[in-house]
$ cat query08.tsv   # TSV, C-alpha atoms
chain	number	residue	atom	x	y	z
X	1	MET	CA	212.44	81.60	44.16
X	2	SER	CA	212.87	78.98	41.45
X	3	GLU	CA	211.40	79.33	37.98
X	4	LYS	CA	207.95	77.89	37.40
X	5	LEU	CA	207.64	74.56	35.63
X	6	HIS	CA	206.82	74.84	31.93
X	7	PHE	CA	205.64	72.21	29.46
X	8	GLU	CA	209.25	71.42	28.53
X	9	ASP	CA	209.99	70.43	32.14
X	10	PHE	CA	207.71	67.38	32.02
X	11	SER	CA	208.77	64.05	30.55
X	12	ALA	CA	207.11	60.64	30.43
X	13	GLY	CA	207.93	58.52	33.47
X	14	GLU	CA	208.71	61.47	35.75
X	15	GLU	CA	206.99	61.30	39.13
X	16	PHE	CA	206.03	64.11	41.50
X	17	ASP	CA	205.39	63.77	45.23
X	18	LEU	CA	202.22	65.75	45.96
X	19	GLY	CA	202.50	65.47	49.73
X	20	GLN	CA	200.06	64.14	52.27
X	21	LYS	CA	196.92	65.06	54.17
X	22	GLU	CA	195.40	63.68	57.37
X	23	VAL	CA	191.63	63.24	57.16
X	24	THR	CA	189.46	64.25	60.13
X	25	LYS	CA	185.96	63.23	61.16
X	26	ASP	CA	184.82	66.86	61.22
X	27	GLU	CA	186.06	67.45	57.64
X	28	ILE	CA	184.26	64.33	56.40
X	29	ILE	CA	180.97	65.41	57.93
X	30	GLU	CA	181.32	69.05	56.90
X	31	PHE	CA	182.05	68.16	53.27
X	32	ALA	CA	179.20	65.63	53.17
X	33	GLN	CA	176.67	68.06	54.66
X	34	GLU	CA	177.24	70.42	51.78
X	35	PHE	CA	178.18	68.21	48.83
X	36	ASP	CA	177.30	64.52	49.40
X	37	PRO	CA	174.68	64.18	52.18
X	38	GLN	CA	174.44	60.40	52.26
X	39	PRO	CA	174.05	58.75	55.70
X	40	PHE	CA	177.38	56.83	55.58
X	41	HIS	CA	179.21	60.16	55.16
X	42	LEU	CA	177.23	61.95	57.90
X	43	ASP	CA	176.31	59.57	60.69
X	44	GLU	CA	178.59	57.05	62.42
X	45	LYS	CA	175.76	54.68	63.32
X	46	ALA	CA	174.37	54.63	59.78
X	47	ALA	CA	177.91	54.26	58.44
X	48	GLN	CA	178.61	51.22	60.62
X	49	ALA	CA	175.52	49.53	59.19
X	50	SER	CA	176.66	50.26	55.61
X	51	MET	CA	179.05	48.26	53.45
X	52	LEU	CA	181.73	50.85	54.35
X	53	GLY	CA	181.71	49.65	57.98
X	54	GLY	CA	182.23	53.11	59.42
X	55	LEU	CA	182.09	56.81	58.73
X	56	ALA	CA	183.88	57.36	55.42
X	57	ALA	CA	184.78	60.32	53.27
X	58	SER	CA	182.82	60.90	50.10
X	59	GLY	CA	184.80	59.96	47.01
X	60	TRP	CA	184.27	63.54	45.89
X	61	HIS	CA	185.88	64.68	49.13
X	62	THR	CA	188.86	62.42	48.45
X	63	ALA	CA	189.11	63.88	44.94
X	64	SER	CA	188.91	67.42	46.37
X	65	MET	CA	191.65	66.77	48.92
X	66	THR	CA	193.77	65.32	46.12
X	67	MET	CA	193.15	68.41	44.00
X	68	ALA	CA	194.37	70.58	46.87
X	69	LEU	CA	197.59	68.54	47.09
X	70	LEU	CA	198.05	68.71	43.30
X	71	ALA	CA	197.54	72.48	43.25
X	72	LYS	CA	199.70	73.29	46.29
X	73	ASN	CA	202.58	70.98	45.44
X	74	LEU	CA	202.74	71.10	41.64
X	75	LEU	CA	200.33	73.29	39.70
X	76	ASN	CA	200.83	76.51	41.68
X	77	ASN	CA	204.55	76.35	40.87
X	78	SER	CA	203.93	75.88	37.17
X	79	THR	CA	202.49	77.56	34.11
X	80	CYS	CA	199.32	75.44	34.35
X	81	GLN	CA	196.49	76.74	32.19
X	82	GLY	CA	193.81	74.31	33.37
X	83	SER	CA	192.61	70.95	32.16
X	84	PRO	CA	190.21	69.80	29.46
X	85	GLY	CA	188.82	67.22	31.90
X	86	ILE	CA	189.43	63.99	33.74
X	87	GLU	CA	189.71	60.85	31.67
X	88	ASP	CA	189.53	58.35	34.53
X	89	LEU	CA	188.62	58.60	38.20
X	90	GLY	CA	188.20	55.61	40.45
X	91	TRP	CA	187.68	55.17	44.16
X	92	LYS	CA	189.32	51.93	45.24
X	93	ALA	CA	188.94	51.87	49.04
X	94	PRO	CA	187.15	53.90	51.72
X	95	VAL	CA	188.85	56.78	53.49
X	96	TYR	CA	188.17	56.96	57.23
X	97	PRO	CA	188.86	59.58	59.92
X	98	GLY	CA	192.53	59.44	60.88
X	99	ASP	CA	193.70	58.12	57.53
X	100	ILE	CA	196.71	59.88	56.07
X	101	LEU	CA	196.46	60.27	52.32
X	102	LYS	CA	199.61	60.43	50.19
X	103	ALA	CA	199.43	61.44	46.54
X	104	THR	CA	201.83	61.09	43.63
X	105	ALA	CA	201.54	62.17	40.01
X	106	LYS	CA	203.31	60.34	37.21
X	107	VAL	CA	203.70	61.85	33.74
X	108	THR	CA	202.36	59.34	31.23
X	109	GLN	CA	202.66	61.58	28.17
X	110	ALA	CA	203.74	65.08	27.19
X	111	ARG	CA	202.81	66.31	23.74
X	112	GLU	CA	202.82	69.57	21.86
X	113	LEU	CA	199.57	70.98	20.51
X	114	LYS	CA	199.40	71.95	16.85
X	115	SER	CA	196.26	73.99	17.46
X	116	LYS	CA	197.86	76.00	20.30
X	117	PRO	CA	201.60	76.28	19.66
X	118	ASP	CA	202.20	78.16	22.92
X	119	LEU	CA	200.86	75.21	25.00
X	120	GLY	CA	201.64	71.59	25.63
X	121	LEU	CA	199.46	68.84	27.07
X	122	VAL	CA	200.83	66.76	29.94
X	123	SER	CA	198.91	63.62	30.96
X	124	LEU	CA	199.18	62.68	34.62
X	125	LYS	CA	198.27	59.48	36.44
X	126	ILE	CA	197.60	60.41	40.04
X	127	LYS	CA	197.61	57.74	42.73
X	128	VAL	CA	196.39	58.25	46.27
X	129	THR	CA	197.28	55.77	48.98
X	130	LYS	CA	196.79	55.76	52.72
X	131	GLN	CA	199.20	55.05	55.56
X	132	ASP	CA	199.02	51.27	55.13
X	133	GLY	CA	199.83	51.56	51.41
X	134	ALA	CA	196.30	50.73	50.28
X	135	LEU	CA	195.29	52.42	47.03
X	136	VAL	CA	192.24	54.61	47.66
X	137	MET	CA	191.94	56.63	44.46
X	138	ILE	CA	193.33	56.81	40.95
X	139	GLN	CA	192.89	59.68	38.55
X	140	GLU	CA	194.12	60.24	35.02
X	141	ASN	CA	193.89	63.56	33.28
X	142	PRO	CA	195.61	65.86	30.84
X	143	ILE	CA	196.72	69.33	31.95
X	144	LEU	CA	197.70	72.28	29.77
X	145	PHE	CA	201.00	74.08	30.45
X	146	LYS	CA	202.55	77.09	28.78
X	147	LYS	CA	205.74	76.54	26.84
X	148	ARG	CA	208.87	78.48	27.68
X	149	GLY	CA	208.96	81.74	25.74
X	150	ALA	CA	205.15	81.85	25.30
X	151	VAL	CA	203.70	85.34	25.59
X	152	SER	CA	201.86	85.80	28.90

$ encode --input "query08.tsv" --output "structure tokens"
Amino acid sequence: MSEKLHFEDFSAGEEFDLGQKEVTKDEIIEFAQEFDPQPFHLDEKAAQASMLGGLAASGWHTASMTMALLAKNLLNNSTCQGSPGIEDLGWKAPVYPGDILKATAKVTQARELKSKPDLGLVSLKIKVTKQDGALVMIQENPILFKKRGAVS
């Protein structure tokens, strides 16, 4: 097993492949029933009459699927200590059943913290596209990582 990524392992311009996820109709409806019960996320007929033109995933669902990819393919193999929040989140295009989402994370900045010398702050710009290359979501946020040698 390789060593976990620490703050020192991130540098501006570096890009991480976060993998991909196929979106299903059942997942869209299930998520919407619990978290975003709007007709265009729940009912195909209502969705076709909406500006989305068909059943589409909630933006919050897209963000949640992206978070799963980020956690499974980067954060869980790191010394991540959480995030102080998201600075930017935008939904650029609808996500429909059968779409395959692909996510990447690019380091835009890595800086040490004077207030917490055992941590560093890494800013990531996450892009999510679908199989045709269309951009569906963009997210920018800082994430805290332990430095090498920091006491656990």

$ residues_around --input "query08.tsv" --residues "segment 70-82 of chain X" --least-positions-apart "2" --cutoff "6 Å" --atoms "all atoms listed in the file" --output "list in words"
Lys4, Leu5, His6, Leu18, Met67, Ala68, Ile143, Leu144, Phe145 and Lys146 of chain X

$ residues_around --input "query08.tsv" --residues "Lys147 of chain X" --least-positions-apart "5" --cutoff "7 Å" --atoms "all atoms listed in the file" --output "ChimeraX atom specification"
/X:6-8,118-120

$ closest_atom_pairs --input "query08.tsv" --of "segment 57-84 of chain X" --to "segment 91-109 of chain X" --cutoff "10 Å" --atoms "only C-alpha atoms" --output "tab-separated table"
residue	atom	partner	partner_atom	distance
X:Ala57	CA	X:Val95	CA	5.4
X:Ser58	CA	X:Val95	CA	8.1
X:Gly59	CA	X:Trp91	CA	6.3
X:Trp60	CA	X:Trp91	CA	9.2
X:His61	CA	X:Val95	CA	9.5
X:Thr62	CA	X:Val95	CA	7.6
X:Ala63	CA	X:Trp91	CA	8.9
X:Met65	CA	X:Leu101	CA	8.8
X:Thr66	CA	X:Ala103	CA	6.9
X:Met67	CA	X:Ala103	CA	9.7
X:Leu69	CA	X:Ala103	CA	7.4
X:Leu70	CA	X:Ala103	CA	8.1
X:Leu74	CA	X:Ala105	CA	9.2

$ atom_distance --input "query08.tsv" --atom1 "atom CA of Glu15 of chain X" --atom2 "atom CA of Arg148 of chain X"
20.7 Å

$ atom_distance --input "query08.tsv" --atom1 "atom CA of Pro142 of chain X" --atom2 "atom CA of Gln20 of chain X"
22.0 Å

$ closest_residue --input "query08.tsv" --among "X:His41, X:Lys125, X:Lys114, X:Lys130" --to "Leu55 of chain X" --atoms "only C-alpha atoms"
X:His41

$ atom_distance --input "query08.tsv" --atom1 "atom CA of Thr24 of chain X" --atom2 "atom CA of Ile86 of chain X"
26.4 Å

$ closest_residue --input "query08.tsv" --among "X:Glu3, X:Ser11, X:Leu42, X:Phe31" --to "Leu124 of chain X" --atoms "only C-alpha atoms"
X:Ser11

$ closest_residue --input "query08.tsv" --among "X:Ala110, X:Ala56, X:Leu135, X:Val128" --to "Pro37 of chain X" --atoms "all atoms listed in the file"
X:Ala56

$ closest_residue --input "query08.tsv" --among "X:Glu34, X:Glu27, X:Asp9, X:Glu140" --to "Arg111 of chain X" --atoms "only C-alpha atoms"
X:Asp9
